[in-house]
>>> print(open('upload-v5.txt').read())   # compact mmCIF, C-alpha atoms and all ligand atoms
# COMPACT_ATOMS: atom_id res chain seq x y z
CA MET A 1333 21.19 10.91 2.90
CA ILE A 1334 18.44 10.51 5.40
CA LYS A 1335 18.42 8.66 8.68
CA TYR A 1336 15.29 6.91 9.81
CA ASN A 1337 14.27 5.48 13.11
CA LEU A 1338 13.14 1.96 12.40
CA LYS A 1339 11.28 -0.56 14.45
CA CYS A 1340 10.93 -4.28 13.92
CA ILE A 1341 7.93 -6.42 14.71
CA ASN A 1342 9.53 -7.28 18.08
CA ASN A 1343 9.74 -3.60 18.95
CA HIS A 1344 13.49 -3.33 18.62
CA GLU A 1345 14.39 0.19 17.61
CA PHE A 1346 17.39 1.15 15.57
CA GLU A 1347 18.50 3.69 13.03
CA SER A 1348 19.56 3.34 9.47
CA TRP A 1349 20.71 5.60 6.68
CA PHE A 1350 19.10 5.76 3.25
CA SER A 1351 19.91 7.77 0.19
CA ASP A 1352 16.35 9.10 0.13
CA SER A 1353 12.90 8.28 1.42
CA ASN A 1354 12.09 6.09 -1.57
CA GLU A 1355 15.02 3.86 -0.90
CA PHE A 1356 13.57 2.75 2.40
CA ASP A 1357 10.29 1.71 0.78
CA LYS A 1358 12.06 -0.05 -2.03
CA LEU A 1359 14.36 -2.04 0.23
CA ASN A 1360 11.64 -2.82 2.70
CA LYS A 1361 9.34 -4.11 0.00
CA LYS A 1362 12.03 -6.47 -1.17
CA LYS A 1363 12.59 -7.49 2.45
CA LEU A 1364 16.19 -6.41 2.25
CA LEU A 1365 16.04 -4.60 5.56
CA GLU A 1366 16.49 -6.50 8.73
CA CYS A 1367 16.50 -5.78 12.42
CA ILE A 1368 20.02 -5.47 13.79
CA TYR A 1369 18.95 -7.32 16.95
CA CYS A 1370 16.78 -10.21 15.82
CA ALA A 1371 17.19 -10.18 12.02
CA SER A 1372 13.45 -9.88 11.52
CA ASN A 1373 12.63 -8.35 8.15
CA LYS A 1374 9.32 -6.97 9.32
CA ILE A 1375 10.49 -3.40 9.67
CA LYS A 1376 8.49 -0.23 10.08
CA LYS A 1377 9.49 3.37 10.00
CA SER A 1378 8.83 5.17 13.27
CA ILE A 1379 7.18 8.42 12.40
CA MET A 1380 7.35 11.31 14.77
CA ALA A 1381 4.31 13.44 15.34
CA PRO A 1382 5.10 16.55 17.29
CA MET A 1383 2.64 17.87 19.78
CA ILE A 1384 2.63 21.55 19.18
CA SER A 1385 2.45 23.82 22.15
CA GLY A 1386 -0.07 26.61 22.16
CA THR A 1387 -3.74 25.88 22.37
CA LYS A 1388 -4.49 23.60 25.24
CA SER A 1389 -7.49 22.11 23.55
CA LYS A 1390 -5.36 20.72 20.79
CA LYS A 1391 -3.11 18.99 23.24
CA ASP A 1392 -6.09 17.49 25.00
CA SER A 1393 -7.52 16.19 21.78
CA ILE A 1394 -4.35 14.24 21.16
CA GLN A 1395 -4.27 12.55 24.54
CA PRO A 1396 -6.81 9.83 23.74
CA LEU A 1397 -4.57 8.68 20.92
CA ASN A 1398 -1.80 8.18 23.38
CA LYS A 1399 -3.87 6.50 26.02
CA ASP A 1400 -5.65 3.95 23.90
CA LEU A 1401 -2.71 3.18 21.75
CA SER A 1402 -2.49 -0.54 21.40
CA ASN A 1403 -0.61 -2.61 18.92
CA LYS A 1404 -3.70 -3.79 17.17
CA LYS A 1405 -3.33 -3.09 13.52
CA LYS A 1406 -6.88 -1.80 13.24
CA ASP A 1407 -6.26 0.77 15.95
CA LEU A 1408 -2.95 1.77 14.47
CA LEU A 1409 -4.55 2.27 11.09
CA GLN A 1410 -7.22 4.40 12.70
CA LEU A 1411 -4.52 6.42 14.34
CA ARG A 1412 -2.73 6.79 11.05
CA ASN A 1413 -5.89 7.92 9.31
CA TYR A 1414 -6.57 10.40 12.07
CA ILE A 1415 -3.12 11.88 11.78
CA GLU A 1416 -3.23 12.00 8.00
CA LYS A 1417 -6.53 13.82 8.14
CA ASN A 1418 -5.69 16.27 10.89
CA PHE A 1419 -1.98 16.87 10.54
CA GLU A 1420 0.15 18.26 7.81
CA PHE A 1421 2.84 15.92 6.52
CA VAL A 1422 6.23 17.62 6.37
CA GLY A 1423 8.44 14.61 5.67
CA ASP A 1424 12.01 14.90 6.89
CA LYS A 1425 11.54 18.65 7.45
CA LEU A 1426 9.95 17.86 10.78
CA SER A 1427 12.46 19.56 13.04
CA GLU A 1428 12.53 22.66 10.86
CA LYS A 1429 8.75 22.93 10.69
CA ALA A 1430 8.22 22.05 14.33
CA ARG A 1431 10.45 24.98 15.28
CA GLU A 1432 8.52 27.28 12.98
CA VAL A 1433 5.31 26.26 14.65
CA TYR A 1434 6.79 26.33 18.12
CA TYR A 1435 8.45 29.72 17.90
CA ASN A 1436 6.25 31.59 15.45
CA LYS A 1437 2.94 29.85 16.04
CA LYS A 1438 2.30 30.30 12.35
CA THR A 1439 -0.10 27.47 12.00
CA GLU A 1440 -2.79 25.94 14.13
CA LYS A 1441 -2.45 22.64 12.41
CA GLY A 1442 -0.31 19.91 13.88
CA ILE A 1443 2.41 18.45 11.77
CA TYR A 1444 3.99 15.05 11.44
CA GLY A 1445 7.03 13.70 9.74
CA THR A 1446 10.32 11.99 10.39
CA ALA A 1447 13.24 13.17 12.46
CA THR A 1448 16.64 11.82 13.26
CA ALA A 1449 17.60 10.91 16.82
CA GLU A 1450 19.78 14.03 17.02
CA GLU A 1451 16.97 16.28 15.82
CA ARG A 1452 14.66 14.67 18.31
CA GLU A 1453 17.02 15.30 21.20
CA GLU A 1454 17.52 18.90 20.16
CA MET A 1455 13.80 19.49 19.98
CA GLU A 1456 13.27 17.90 23.36
CA GLU A 1457 15.91 20.17 24.83
CA GLU A 1458 14.09 23.14 23.35
CA GLY A 1459 10.86 22.00 24.92
CA ILE A 1460 9.14 20.87 21.75
CA ASP A 1461 6.99 17.89 22.61
CA LEU A 1462 6.98 14.98 20.25
CA LEU A 1463 4.81 11.96 20.13
CA ARG A 1464 6.26 8.93 18.49
CA VAL A 1465 3.70 7.09 16.47
CA PRO A 1466 3.84 3.48 15.38
CA TRP A 1467 3.03 3.74 11.72
CA ALA A 1468 0.79 0.96 10.47
CA SER A 1469 1.20 0.00 6.87
CA LYS A 1470 -1.96 0.17 4.78
CA ASP A 1471 -1.19 -2.75 2.54
CA ASN A 1472 -1.38 -6.45 3.45
ZN ZN A 1501 14.15 -7.06 16.14
>>> encode(input="upload-v5.txt", output="structure tokens", more="lines below")
Ligand SMILES: [Zn+2]
Amino acid sequence: MIKYNLKCINNHEFESWFSDSNEFDKLNKKKLLECIYCASNKIKKSIMAPMISGTKSKKDSIQPLNKDLSNKKKDLLQLRNYIEKNFEFVGDKLSEKAREVYYNKKTEKGIYGTATAEEREEMEEEGIDLLRVPWASKDN
């Protein structure tokens, strides 16, 4: 089982459990997922991108993403492409990998993936910075 942070088109955030990561895509494609607040079936997965401590320059290079983040699909797709190109995708192993990076500084590369609300809180308590990224879908 995997828990995802989901977001509807009206920016309501909620969590939902899935048997695996494919199940989310399958259900969402069939529009079987709906927002618990407004019943919209335009649901996105909120993907977490951790900002890894260490080199200051890396942190600085991420800031513009944050600042200019708008909800325009074009911009969000650009952001997604940027992250896909520059970060390593670790899926639901985000908290595990973020700790590896944070404590061992094994890699210079940033990582992104999904985390549960509990994992997110734990990481925040440990001082691991995370940036939550609205994840634009490439189709439609
Ligand atoms: Zn909603």
>>> closest_residue(input="upload-v5.txt", among="A:Tyr1336, A:Tyr1369, A:Phe1350, A:Phe1419", to="ligand ZN 1501 (chain A)", atoms="all atoms listed in the file")
A:Tyr1369
>>> residues_near_ligand(input="upload-v5.txt", ligand="ligand ZN 1501 (chain A)", cutoff="7 Å", atoms="only C-alpha atoms and all ligand atoms", output="VMD selection string")
chain A and resid 1340 to 1344 1367 to 1372
>>> closest_residue(input="upload-v5.txt", among="A:Ser1378, A:Ser1348, A:Asn1413, A:Asn1354", to="Glu1366 in chain A", atoms="all atoms listed in the file")
A:Ser1348
>>> closest_residue(input="upload-v5.txt", among="A:Lys1470, A:Phe1356, A:Tyr1444, A:Lys1339", to="Lys1406 in chain A", atoms="all atoms listed in the file")
A:Lys1470
>>> atom_distance(input="upload-v5.txt", atom1="CA of Leu1462 in chain A", atom2="CA of Gly1445 in chain A")
10.6 Å
>>> atom_distance(input="upload-v5.txt", atom1="CA of Ile1443 in chain A", atom2="CA of Glu1347 in chain A")
21.9 Å
>>> atom_distance(input="upload-v5.txt", atom1="CA of Glu1416 in chain A", atom2="CA of Lys1363 in chain A")
25.7 Å
>>> closest_residue(input="upload-v5.txt", among="A:Met1333, A:Met1455, A:Val1465, A:Ala1430", to="Tyr1414 in chain A", atoms="only C-alpha atoms")
A:Val1465
>>> closest_residue(input="upload-v5.txt", among="A:Asp1357, A:Gly1442, A:Lys1377, A:Pro1382", to="Lys1417 in chain A", atoms="all atoms listed in the file")
A:Gly1442
>>> closest_residue(input="upload-v5.txt", among="A:Ile1460, A:Lys1405, A:Asn1360, A:Arg1452", to="Arg1431 in chain A", atoms="only C-alpha atoms")
A:Ile1460
>>> axis_aligned_box(input="upload-v5.txt", around="range 1415-1425 of chain A", padding_each_side="5 Å", output="JSON")
{"center_x": 2.7, "center_y": 15.3, "center_z": 8.7, "size_x": 28.5, "size_y": 16.8, "size_z": 16.1}
>>> residues_around(input="upload-v5.txt", residues="Gly1423 in chain A", least_positions_apart="2", cutoff="6 Å", atoms="all atoms listed in the file", output="PyMOL selection string")
chain A and resi 1421+1425+1445-1446
>>> build_atoms(input="upload-v5.txt", residues="range 1333-1354 of chain A", atoms="N, CA and C atoms", output="PDB file, in the frame of the given file")
ATOM      1  N   MET A1333      21.344  12.027   1.953  1.00  0.00           N
ATOM      2  CA  MET A1333      21.190  10.910   2.900  1.00  0.00           C
ATOM      3  C   MET A1333      20.179  11.284   3.975  1.00  0.00           C
ATOM      4  N   ILE A1334      19.446  10.280   4.370  1.00  0.00           N
ATOM      5  CA  ILE A1334      18.440  10.510   5.400  1.00  0.00           C
ATOM      6  C   ILE A1334      18.480   9.361   6.389  1.00  0.00           C
ATOM      7  N   LYS A1335      18.376   9.703   7.656  1.00  0.00           N
ATOM      8  CA  LYS A1335      18.420   8.660   8.680  1.00  0.00           C
ATOM      9  C   LYS A1335      17.012   8.455   9.220  1.00  0.00           C
ATOM     10  N   TYR A1336      16.599   7.206   9.271  1.00  0.00           N
ATOM     11  CA  TYR A1336      15.290   6.910   9.810  1.00  0.00           C
ATOM     12  C   TYR A1336      15.395   6.103  11.101  1.00  0.00           C
ATOM     13  N   ASN A1337      14.445   6.351  11.964  1.00  0.00           N
ATOM     14  CA  ASN A1337      14.270   5.480  13.110  1.00  0.00           C
ATOM     15  C   ASN A1337      13.396   4.326  12.669  1.00  0.00           C
ATOM     16  N   LEU A1338      13.881   3.132  12.844  1.00  0.00           N
ATOM     17  CA  LEU A1338      13.140   1.960  12.400  1.00  0.00           C
ATOM     18  C   LEU A1338      12.781   1.088  13.592  1.00  0.00           C
ATOM     19  N   LYS A1339      11.753   0.296  13.372  1.00  0.00           N
ATOM     20  CA  LYS A1339      11.280  -0.560  14.450  1.00  0.00           C
ATOM     21  C   LYS A1339      10.894  -1.890  13.838  1.00  0.00           C
ATOM     22  N   CYS A1340      11.309  -2.983  14.465  1.00  0.00           N
ATOM     23  CA  CYS A1340      10.930  -4.280  13.920  1.00  0.00           C
ATOM     24  C   CYS A1340       9.674  -4.763  14.623  1.00  0.00           C
ATOM     25  N   ILE A1341       9.180  -5.898  14.172  1.00  0.00           N
ATOM     26  CA  ILE A1341       7.930  -6.420  14.710  1.00  0.00           C
ATOM     27  C   ILE A1341       8.066  -6.766  16.193  1.00  0.00           C
ATOM     28  N   ASN A1342       9.296  -7.000  16.653  1.00  0.00           N
ATOM     29  CA  ASN A1342       9.530  -7.280  18.080  1.00  0.00           C
ATOM     30  C   ASN A1342       9.852  -6.024  18.882  1.00  0.00           C
ATOM     31  N   ASN A1343       9.556  -4.887  18.275  1.00  0.00           N
ATOM     32  CA  ASN A1343       9.740  -3.600  18.950  1.00  0.00           C
ATOM     33  C   ASN A1343      11.188  -3.222  19.226  1.00  0.00           C
ATOM     34  N   HIS A1344      12.116  -3.811  18.515  1.00  0.00           N
ATOM     35  CA  HIS A1344      13.490  -3.330  18.620  1.00  0.00           C
ATOM     36  C   HIS A1344      13.587  -2.049  17.794  1.00  0.00           C
ATOM     37  N   GLU A1345      14.238  -1.057  18.342  1.00  0.00           N
ATOM     38  CA  GLU A1345      14.390   0.190  17.610  1.00  0.00           C
ATOM     39  C   GLU A1345      15.842   0.404  17.225  1.00  0.00           C
ATOM     40  N   PHE A1346      16.036   0.856  16.021  1.00  0.00           N
ATOM     41  CA  PHE A1346      17.390   1.150  15.570  1.00  0.00           C
ATOM     42  C   PHE A1346      17.314   2.187  14.456  1.00  0.00           C
ATOM     43  N   GLU A1347      18.459   2.651  14.047  1.00  0.00           N
ATOM     44  CA  GLU A1347      18.500   3.690  13.030  1.00  0.00           C
ATOM     45  C   GLU A1347      19.250   3.195  11.809  1.00  0.00           C
ATOM     46  N   SER A1348      18.867   3.740  10.682  1.00  0.00           N
ATOM     47  CA  SER A1348      19.560   3.340   9.470  1.00  0.00           C
ATOM     48  C   SER A1348      19.556   4.494   8.479  1.00  0.00           C
ATOM     49  N   TRP A1349      20.589   4.534   7.681  1.00  0.00           N
ATOM     50  CA  TRP A1349      20.710   5.600   6.680  1.00  0.00           C
ATOM     51  C   TRP A1349      20.195   5.128   5.329  1.00  0.00           C
ATOM     52  N   PHE A1350      19.561   6.045   4.609  1.00  0.00           N
ATOM     53  CA  PHE A1350      19.100   5.760   3.250  1.00  0.00           C
ATOM     54  C   PHE A1350      19.431   6.950   2.371  1.00  0.00           C
ATOM     55  N   SER A1351      19.565   6.671   1.087  1.00  0.00           N
ATOM     56  CA  SER A1351      19.910   7.770   0.190  1.00  0.00           C
ATOM     57  C   SER A1351      18.740   8.741   0.059  1.00  0.00           C
ATOM     58  N   ASP A1352      17.523   8.222   0.098  1.00  0.00           N
ATOM     59  CA  ASP A1352      16.350   9.100   0.130  1.00  0.00           C
ATOM     60  C   ASP A1352      15.166   8.298   0.664  1.00  0.00           C
ATOM     61  N   SER A1353      14.030   8.952   0.774  1.00  0.00           N
ATOM     62  CA  SER A1353      12.900   8.280   1.420  1.00  0.00           C
ATOM     63  C   SER A1353      12.357   7.127   0.577  1.00  0.00           C
ATOM     64  N   ASN A1354      12.562   7.189  -0.733  1.00  0.00           N
ATOM     65  CA  ASN A1354      12.090   6.090  -1.570  1.00  0.00           C
ATOM     66  C   ASN A1354      12.896   4.820  -1.365  1.00  0.00           C
TER      67      ASN A1354
END
